[in-house]
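Undergrad: Please find one structure pasted underneath; my questions will follow.
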Amino acid sequence: ILRAQKVIDEEYNWSFGKNQLVVIGDVFDRGEDVTAIFWLLYKLQQEALAAGGRSLFLLGNHEEMELRGNIRYAKDKYKNLADTLKVKYKDLYSPASELGKWLRTCNLVEVIGDNLFVHAGLSVEFLARRESLDEINEVASRGLSLSKEARENVSPLSAFIFDTETGPFWYRGMVKPNEKFPALSNANLKRLLKKYQVQRIFVGHTIFEEVTLFMNGRVIAVNVKN
């Protein structure tokens with residue numbers, strides 16, 4: 001995909017100039033090349049900056065799951081690697097490792113120009129929060145290694161961020177509302193857009209056959225089947 005869009009060349013080097021690349025989470029648990037893809041994104045981040053561009057990786061729910069030790073979707077090759085090294089799986093990406101340290105610098109929500117990027121979606125409960133996006137990203141980063149119980153005890157904001165129904169790691173109500181994920185109304189979407197001074201919101205998490213537009217093109221779902 002990156003080659004086809006001329007983001008990288010045949011040697012995996014950044015060739016996108018001053019343009020920007022945003023990957024909206026969930027590299028973990030998606031195929032057999034997790035670590036290789038992380039190293040590529042790590043490298044591209046530095047190369048993009050040197051070229052005057054930007055390459056961003058945003059955290060997804062599979063990152064928050066694996067970094068706290070929930071590995072039920074992890075590929076066997078990585079579980080076997082941890083066993084061979086005689087370490088816990090999540091220690092492969094601990095804060096003491098280079099990739100683990102880097103992942104904990106990545107954001108959950110990002111605004112670029114008049115676009116907002118978030119892994120799953122923004123709920124009406126998110127709209128009601130008064131914290132800045134910087135505060136939300138900082139708390140998300142600090143909570144990555146904590147257990148579910150520990151996260152809930154850190155602060156109300158931490159409990160909300162990692163909530164599996166209304167938090168931005170999991171909420172699907174922008175693109176696939178159901179009983180668990182109530183739909184976000186058009187009125188509240190307008191309030192969100194105004195609050196963050198953006199024109200549209202890009203989300204991943206929920207899988208569709210193709211890139212799909214919702215809510216009059218103001219919400220764009222980019223997670224597609226491979």
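For the structure tokens, the naming scheme is as follows: chains receive sequential letters (A, B, ...) according to their order of presentation, residues are indexed from 1 within each chain, and ligands are indexed from 1 in presentation order.
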Name the residues in contact with region 101-116 of chain A at a cut-off of 9 Å, using only C-alpha atoms, excluding same-chain residues fewer than 5 positions from it; report them as a ChimeraX atom specification.

TA: /A:24-25,38,42,56-60,63,93-96,133-134,136-138,140-142,144,168-169,193,196-203

Undergrad: Using backbone DSSP assignments, extract all strand (DSSP E or B) residues from region 30-225 of chain A; output them as JSON, numbers by chain.

TA: {"A": [54, 55, 56, 57, 109, 110, 111, 112, 115, 116, 117, 118, 200, 201, 202, 203, 208, 212, 213, 214, 219, 220, 221, 224]}

Undergrad: Mind writing the picked residues with N, CA, C and O atoms as a short mmCIF file (atom, residue, chain, number, x, y, z; two decimals), in the first residue's frame?

TA:
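File produced: result_5.cif:
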data_model
loop_
_atom_site.label_atom_id
_atom_site.label_comp_id
_atom_site.auth_asym_id
_atom_site.auth_seq_id
_atom_site.Cartn_x
_atom_site.Cartn_y
_atom_site.Cartn_z
N ARG A 54 5.72 14.28 7.76
CA ARG A 54 5.35 13.73 9.07
C ARG A 54 4.77 12.34 8.90
O ARG A 54 3.96 12.11 8.00
N SER A 55 5.20 11.40 9.73
CA SER A 55 4.66 10.05 9.76
C SER A 55 4.24 9.75 11.18
O SER A 55 5.07 9.83 12.09
N LEU A 56 2.98 9.43 11.38
CA LEU A 56 2.44 9.22 12.72
C LEU A 56 1.82 7.84 12.85
O LEU A 56 1.14 7.36 11.93
N PHE A 57 2.07 7.22 13.99
CA PHE A 57 1.35 6.01 14.35
C PHE A 57 0.49 6.32 15.56
O PHE A 57 1.01 6.75 16.59
N VAL A 109 -5.22 10.36 19.91
CA VAL A 109 -6.02 11.30 19.11
C VAL A 109 -5.08 12.37 18.55
O VAL A 109 -4.20 12.86 19.26
N GLU A 110 -5.26 12.71 17.29
CA GLU A 110 -4.38 13.70 16.66
C GLU A 110 -5.21 14.59 15.74
O GLU A 110 -6.07 14.11 15.00
N VAL A 111 -4.93 15.90 15.79
CA VAL A 111 -5.53 16.85 14.86
C VAL A 111 -4.45 17.34 13.92
O VAL A 111 -3.39 17.80 14.35
N ILE A 112 -4.72 17.22 12.62
CA ILE A 112 -3.81 17.73 11.60
C ILE A 112 -4.64 18.59 10.65
O ILE A 112 -5.53 18.09 9.95
N ASN A 115 -8.49 18.04 10.04
CA ASN A 115 -8.83 16.62 10.18
C ASN A 115 -8.48 16.12 11.58
O ASN A 115 -7.41 16.45 12.10
N LEU A 116 -9.35 15.32 12.15
CA LEU A 116 -9.07 14.67 13.44
C LEU A 116 -8.97 13.17 13.18
O LEU A 116 -9.81 12.60 12.48
N PHE A 117 -7.97 12.55 13.76
CA PHE A 117 -7.74 11.12 13.61
C PHE A 117 -7.83 10.45 14.99
O PHE A 117 -7.22 10.91 15.95
N VAL A 118 -8.58 9.35 15.06
CA VAL A 118 -8.71 8.59 16.31
C VAL A 118 -8.96 7.14 15.95
O VAL A 118 -9.54 6.84 14.89
N ARG A 200 -13.65 17.09 9.54
CA ARG A 200 -13.96 15.66 9.41
C ARG A 200 -13.15 14.85 10.42
O ARG A 200 -12.13 15.33 10.91
N ILE A 201 -13.63 13.64 10.66
CA ILE A 201 -12.98 12.74 11.61
C ILE A 201 -12.70 11.41 10.91
O ILE A 201 -13.60 10.81 10.31
N PHE A 202 -11.45 10.97 10.97
CA PHE A 202 -11.04 9.68 10.40
C PHE A 202 -10.95 8.65 11.53
O PHE A 202 -10.35 8.92 12.57
N VAL A 203 -11.52 7.46 11.29
CA VAL A 203 -11.50 6.40 12.30
C VAL A 203 -11.05 5.09 11.67
O VAL A 203 -11.17 4.88 10.45
N PHE A 208 -14.54 -2.52 7.26
CA PHE A 208 -15.49 -2.43 6.14
C PHE A 208 -14.83 -2.97 4.87
O PHE A 208 -13.61 -3.14 4.82
N THR A 212 -15.14 3.99 3.77
CA THR A 212 -16.57 4.30 3.76
C THR A 212 -16.83 5.62 4.47
O THR A 212 -16.26 5.89 5.53
N LEU A 213 -17.70 6.44 3.87
CA LEU A 213 -18.07 7.74 4.45
C LEU A 213 -19.38 7.63 5.21
O LEU A 213 -20.33 6.98 4.75
N PHE A 214 -19.44 8.29 6.36
CA PHE A 214 -20.63 8.33 7.19
C PHE A 214 -20.96 9.78 7.54
O PHE A 214 -20.11 10.67 7.44
N VAL A 219 -17.45 11.77 8.70
CA VAL A 219 -16.75 10.68 9.39
C VAL A 219 -16.31 9.69 8.31
O VAL A 219 -17.13 9.22 7.51
N ILE A 220 -15.01 9.37 8.30
CA ILE A 220 -14.45 8.51 7.26
C ILE A 220 -13.80 7.30 7.93
O ILE A 220 -12.87 7.44 8.71
N ALA A 221 -14.34 6.12 7.60
CA ALA A 221 -13.82 4.86 8.17
C ALA A 221 -12.82 4.26 7.19
O ALA A 221 -13.15 4.00 6.03
N VAL A 224 -10.08 -1.37 6.30
CA VAL A 224 -10.70 -2.23 5.29
C VAL A 224 -10.14 -3.64 5.36
O VAL A 224 -9.05 -3.87 5.87
#

Undergrad: Find the spatial neighbours of region 26-31 of chain A, counting only C-alpha atoms, within a cut-off of 12 Å - ignore same-chain residues fewer than 6 positions away - and output them as an NGL selection string.

TA: :A and (37-41 or 57-67 or 70-79 or 90 or 93 or 103 or 108 or 118-120 or 169-170 or 203-207 or 223 or 225-226)

Undergrad: Write the residues of the selection above to a file with N, CA and C atoms, as a compact mmCIF listing (two decimals), in the first residue's frame.

TA:
# COMPACT_ATOMS: atom_id res chain seq x y z
N ILE A 37 6.80 -4.29 10.92
CA ILE A 37 6.01 -3.10 10.57
C ILE A 37 6.27 -1.99 11.57
N PHE A 38 6.34 -2.32 12.85
CA PHE A 38 6.66 -1.29 13.84
C PHE A 38 8.03 -0.65 13.57
N TRP A 39 9.02 -1.48 13.24
CA TRP A 39 10.35 -0.92 12.96
C TRP A 39 10.30 -0.02 11.72
N LEU A 40 9.50 -0.41 10.72
CA LEU A 40 9.37 0.43 9.53
C LEU A 40 8.74 1.77 9.88
N LEU A 41 7.66 1.75 10.67
CA LEU A 41 7.00 3.00 11.05
C LEU A 41 7.91 3.86 11.93
N PHE A 57 2.07 7.22 13.99
CA PHE A 57 1.35 6.01 14.35
C PHE A 57 0.49 6.32 15.56
N LEU A 58 -0.82 6.11 15.43
CA LEU A 58 -1.73 6.30 16.56
C LEU A 58 -2.04 4.97 17.22
N LEU A 59 -2.23 4.99 18.51
CA LEU A 59 -2.50 3.78 19.26
C LEU A 59 -3.90 3.25 18.98
N GLY A 60 -4.00 1.92 18.86
CA GLY A 60 -5.28 1.26 18.71
C GLY A 60 -5.58 0.37 19.90
N ASN A 61 -6.77 -0.21 19.91
CA ASN A 61 -7.13 -1.06 21.05
C ASN A 61 -6.26 -2.31 21.14
N HIS A 62 -5.72 -2.78 20.02
CA HIS A 62 -4.85 -3.96 20.11
C HIS A 62 -3.49 -3.60 20.69
N GLU A 63 -3.08 -2.36 20.51
CA GLU A 63 -1.86 -1.92 21.21
C GLU A 63 -2.10 -1.87 22.72
N GLU A 64 -3.23 -1.29 23.12
CA GLU A 64 -3.50 -1.20 24.56
C GLU A 64 -3.71 -2.59 25.16
N MET A 65 -4.26 -3.53 24.39
CA MET A 65 -4.45 -4.89 24.91
C MET A 65 -3.11 -5.59 25.12
N GLU A 66 -2.29 -5.59 24.09
CA GLU A 66 -1.04 -6.36 24.18
C GLU A 66 -0.06 -5.74 25.16
N LEU A 67 -0.02 -4.42 25.24
CA LEU A 67 0.95 -3.79 26.14
C LEU A 67 0.57 -3.95 27.60
N ASN A 70 -2.75 -8.62 27.52
CA ASN A 70 -3.85 -9.39 26.96
C ASN A 70 -3.43 -9.85 25.56
N ILE A 71 -3.02 -11.11 25.45
CA ILE A 71 -2.41 -11.59 24.20
C ILE A 71 -3.26 -12.67 23.53
N ARG A 72 -4.56 -12.65 23.76
CA ARG A 72 -5.39 -13.72 23.21
C ARG A 72 -5.42 -13.70 21.67
N TYR A 73 -5.12 -12.56 21.05
CA TYR A 73 -5.10 -12.49 19.59
C TYR A 73 -3.68 -12.50 19.02
N ALA A 74 -2.68 -12.59 19.88
CA ALA A 74 -1.29 -12.52 19.42
C ALA A 74 -0.94 -13.75 18.57
N LYS A 75 -0.09 -13.54 17.60
CA LYS A 75 0.34 -14.63 16.73
C LYS A 75 1.29 -15.56 17.48
N ASP A 76 1.22 -16.85 17.16
CA ASP A 76 2.02 -17.85 17.87
C ASP A 76 3.51 -17.58 17.75
N LYS A 77 3.95 -17.03 16.60
CA LYS A 77 5.40 -16.83 16.42
C LYS A 77 5.97 -15.91 17.49
N TYR A 78 5.18 -14.94 17.93
CA TYR A 78 5.66 -14.01 18.95
C TYR A 78 5.54 -14.60 20.35
N LYS A 79 4.52 -15.40 20.56
CA LYS A 79 4.42 -16.11 21.84
C LYS A 79 5.60 -17.09 21.98
N LYS A 90 4.59 -9.52 27.01
CA LYS A 90 4.52 -8.06 26.98
C LYS A 90 5.89 -7.42 27.24
N TYR A 93 7.94 -5.76 24.47
CA TYR A 93 7.66 -4.36 24.14
C TYR A 93 7.56 -3.53 25.42
N LEU A 103 6.51 3.27 21.30
CA LEU A 103 5.05 3.12 21.29
C LEU A 103 4.39 3.98 22.36
N LEU A 108 -3.12 8.88 20.91
CA LEU A 108 -4.39 8.21 20.66
C LEU A 108 -5.27 9.06 19.75
N VAL A 118 -8.58 9.35 15.06
CA VAL A 118 -8.71 8.59 16.31
C VAL A 118 -8.96 7.14 15.95
N HIS A 119 -8.54 6.23 16.82
CA HIS A 119 -8.62 4.82 16.46
C HIS A 119 -10.05 4.35 16.21
N ALA A 120 -10.91 4.46 17.19
CA ALA A 120 -12.25 3.87 17.07
C ALA A 120 -13.33 4.91 16.79
N PHE A 169 -10.66 4.21 22.32
CA PHE A 169 -10.03 2.98 21.84
C PHE A 169 -11.06 2.01 21.25
N TRP A 170 -12.35 2.12 21.68
CA TRP A 170 -13.32 1.07 21.39
C TRP A 170 -14.64 1.54 20.77
N VAL A 203 -11.52 7.46 11.29
CA VAL A 203 -11.50 6.40 12.30
C VAL A 203 -11.05 5.09 11.67
N GLY A 204 -10.53 4.20 12.51
CA GLY A 204 -10.18 2.84 12.10
C GLY A 204 -11.08 1.86 12.86
N HIS A 205 -10.49 0.80 13.41
CA HIS A 205 -11.14 -0.12 14.34
C HIS A 205 -12.22 -1.00 13.71
N THR A 206 -13.25 -0.41 13.15
CA THR A 206 -14.36 -1.17 12.58
C THR A 206 -14.05 -1.47 11.11
N ILE A 207 -14.14 -2.74 10.75
CA ILE A 207 -13.71 -3.18 9.43
C ILE A 207 -14.85 -3.09 8.41
N ASN A 223 -10.57 1.50 7.92
CA ASN A 223 -10.09 0.14 8.21
C ASN A 223 -10.81 -0.82 7.26
N LYS A 225 -10.91 -4.59 4.83
CA LYS A 225 -10.45 -5.97 4.77
C LYS A 225 -9.27 -6.07 3.84
N ASN A 226 -8.30 -6.94 4.22
CA ASN A 226 -7.15 -7.10 3.34
C ASN A 226 -7.34 -8.28 2.42

Undergrad: Mind listing the alpha helix (DSSP H) residues of region 46-186 of chain A, per DSSP on the backbone, as a ChimeraX atom specification?

TA: /A:46-50,61-67,76-85,98-103,124-128,133-142,148-154,156-161,186

Undergrad: Set the distance at 9 Å and use only C-alpha atoms: which residues neighbour Gly53 (chain A) once local chain neighbours fewer than 4 positions away are removed? I'd like the list as a list in words.

TA: Phe16, Gly17, Lys18, Asn19, Gln20, Leu21, Gln45, Glu47, Ala48 and Leu49 of chain A

Undergrad: Could you please take those selected residues and save N, CA, C and O atoms as a short mmCIF file (atom, residue, chain, number, x, y, z; two decimals), in the first residue's frame?

TA:
data_model
loop_
_atom_site.label_atom_id
_atom_site.label_comp_id
_atom_site.auth_asym_id
_atom_site.auth_seq_id
_atom_site.Cartn_x
_atom_site.Cartn_y
_atom_site.Cartn_z
N PHE A 16 7.77 10.54 0.39
CA PHE A 16 6.51 11.27 0.37
C PHE A 16 6.72 12.77 0.60
O PHE A 16 5.77 13.51 0.80
N GLY A 17 7.99 13.16 0.61
CA GLY A 17 8.31 14.58 0.73
C GLY A 17 7.74 15.22 1.99
O GLY A 17 7.87 14.69 3.09
N LYS A 18 7.07 16.36 1.80
CA LYS A 18 6.51 17.11 2.92
C LYS A 18 5.08 16.69 3.25
O LYS A 18 4.40 17.36 4.04
N ASN A 19 4.64 15.60 2.66
CA ASN A 19 3.30 15.09 2.96
C ASN A 19 3.28 14.36 4.30
O ASN A 19 4.30 14.19 4.94
N GLN A 20 2.09 13.89 4.67
CA GLN A 20 1.93 13.26 5.98
C GLN A 20 1.24 11.90 5.85
O GLN A 20 0.33 11.73 5.04
N LEU A 21 1.71 10.98 6.66
CA LEU A 21 1.14 9.63 6.75
C LEU A 21 0.62 9.43 8.16
O LEU A 21 1.31 9.72 9.13
N GLN A 45 9.10 7.58 10.66
CA GLN A 45 8.85 8.79 11.45
C GLN A 45 10.04 9.72 11.41
O GLN A 45 9.89 10.94 11.23
N GLU A 47 12.59 9.65 9.12
CA GLU A 47 12.88 10.07 7.75
C GLU A 47 11.90 11.15 7.27
O GLU A 47 12.30 12.08 6.55
N ALA A 48 10.63 11.03 7.67
CA ALA A 48 9.63 12.01 7.27
C ALA A 48 9.97 13.38 7.85
O ALA A 48 9.90 14.40 7.15
N LEU A 49 10.35 13.41 9.12
CA LEU A 49 10.71 14.68 9.75
C LEU A 49 11.90 15.33 9.04
O LEU A 49 11.92 16.54 8.82
#

Undergrad: Could you tell me how far CA of Glu11 (chain A) lies from CA of Glu32 (chain A), in Å and to one decimal?

TA: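 Separating CA of Glu11 (chain A) from CA of Glu32 (chain A) is a distance of 20.2 Å.
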
Undergrad: Can you tell me, as a list in words, what residues are no more than 9 Å from Ser15 (chain A) when counting only C-alpha atoms, ignoring any on the same chain fewer than 5 positions away?

TA: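 Once the adjacent positions are removed, what remains is Lys6, Val7, Ile8, Asp9, Glu47, Ala48 and Ala51 of chain A.
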
Undergrad: Let me make sure I understand: among A:Ser158, A:Thr35, A:Ser97, A:Thr164, which one has the smallest atom-to-atom distance to Gly143 (chain A) if we use only C-alpha atoms?

TA: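 Closest to Gly143 (chain A) of all the choices is A:Ser158.
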
Undergrad: Measuring atom to atom with only C-alpha atoms, identify which of A:Val124, A:Val139, A:Ala159, A:Val211 is nearest to Leu189 (chain A).

TA: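 Smallest distance to Leu189 (chain A) is found for A:Val124.
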